[in-house]
Amino acid sequence: MQSRILVTLLAAGAAGLISCRDVAPSKPMASIDGDDWAEAVAVQLPPTVPYDANGRIERHFRDRTGTVFSIVALGDGHGGPPSKIFGFENGRIRYVVKPKYDRRTGGWVRTKSHVTVFDSLGHKSREADSNNEPAGIRSLEAPADVVTANLIDISACFSEWLAYAAASGALAAASSALTAAISACILDPFACGAVESASVAFAAALSAWNAALDRLLACQSSPGGGTRSGTKVLKFDGSIEDIDPTMANSIDVYVDQSLVEQPL
């Protein structure tokens, strides 16, 4: 009976809120420390974010598999950082981010987030809190650079989109693996050891995804940040196409309904 209670508590805890903190590297650079890291290394949005006329940044990218990745960032009405960020795949919700930004020299840095992850069917999978402290922001920089170092920008924000798509796939896989580990733990107490490793892998994938998202938003907010229309899709070959009207409508309906249920 006691083992059954222990298994239930372990599975419930892992399935609930996961607080993710990035691990600082073992050998930090001596020349930069404390909050200086956030300003020197972290990805920043400009002081005034250039939202579209509808107060949003909505952009789309089609990869080689035909999957259309979409991001929608809602403005605060004053040109400040986004108050909510949505991530879609083929018009279906996959991520919702409630961010907290701090003002830094030259712009805005996302320091905390509440992220809701959805499965491929659009069902809520799990929620997690991310806390990008200065030391953690530093640790995210190298992996993100490695991802994009050998990519050729055939269009504005092209490498950022490729990195975001890859990070989204990795996060989806890590989330599914964690779900499977928790389910196995509930059925078999001897399988519960996999929950911890799956939780660590999910936290790492979430950190990498957050870094890729920040880089993509920063690029789309820059003066040369690609197409400025939420009705156009950047393709993997650098060309531009119109977004499918049904897909665009699905995205708009979800975002609008979210605002009705939870006003900013």
# chains A, B, ... in the order shown; residues from 1 in each chain; ligands from 1
$ select_by_dssp --residues "range 39-255 of chain A" --states "helix (DSSP H, G or I)" --output "ChimeraX atom specification"
/A:39-40,134-148,158-187,189-191,193-220,245-255
$ residues_around --residues "range 168-177 of chain A" --least-positions-apart "5" --cutoff "12 Å" --atoms "only C-alpha atoms" --output "PyMOL selection string"
chain A and resi 14-15+18+63+67-71+87-89+94-95+115-122+124-128+161-163+182-184+194-213
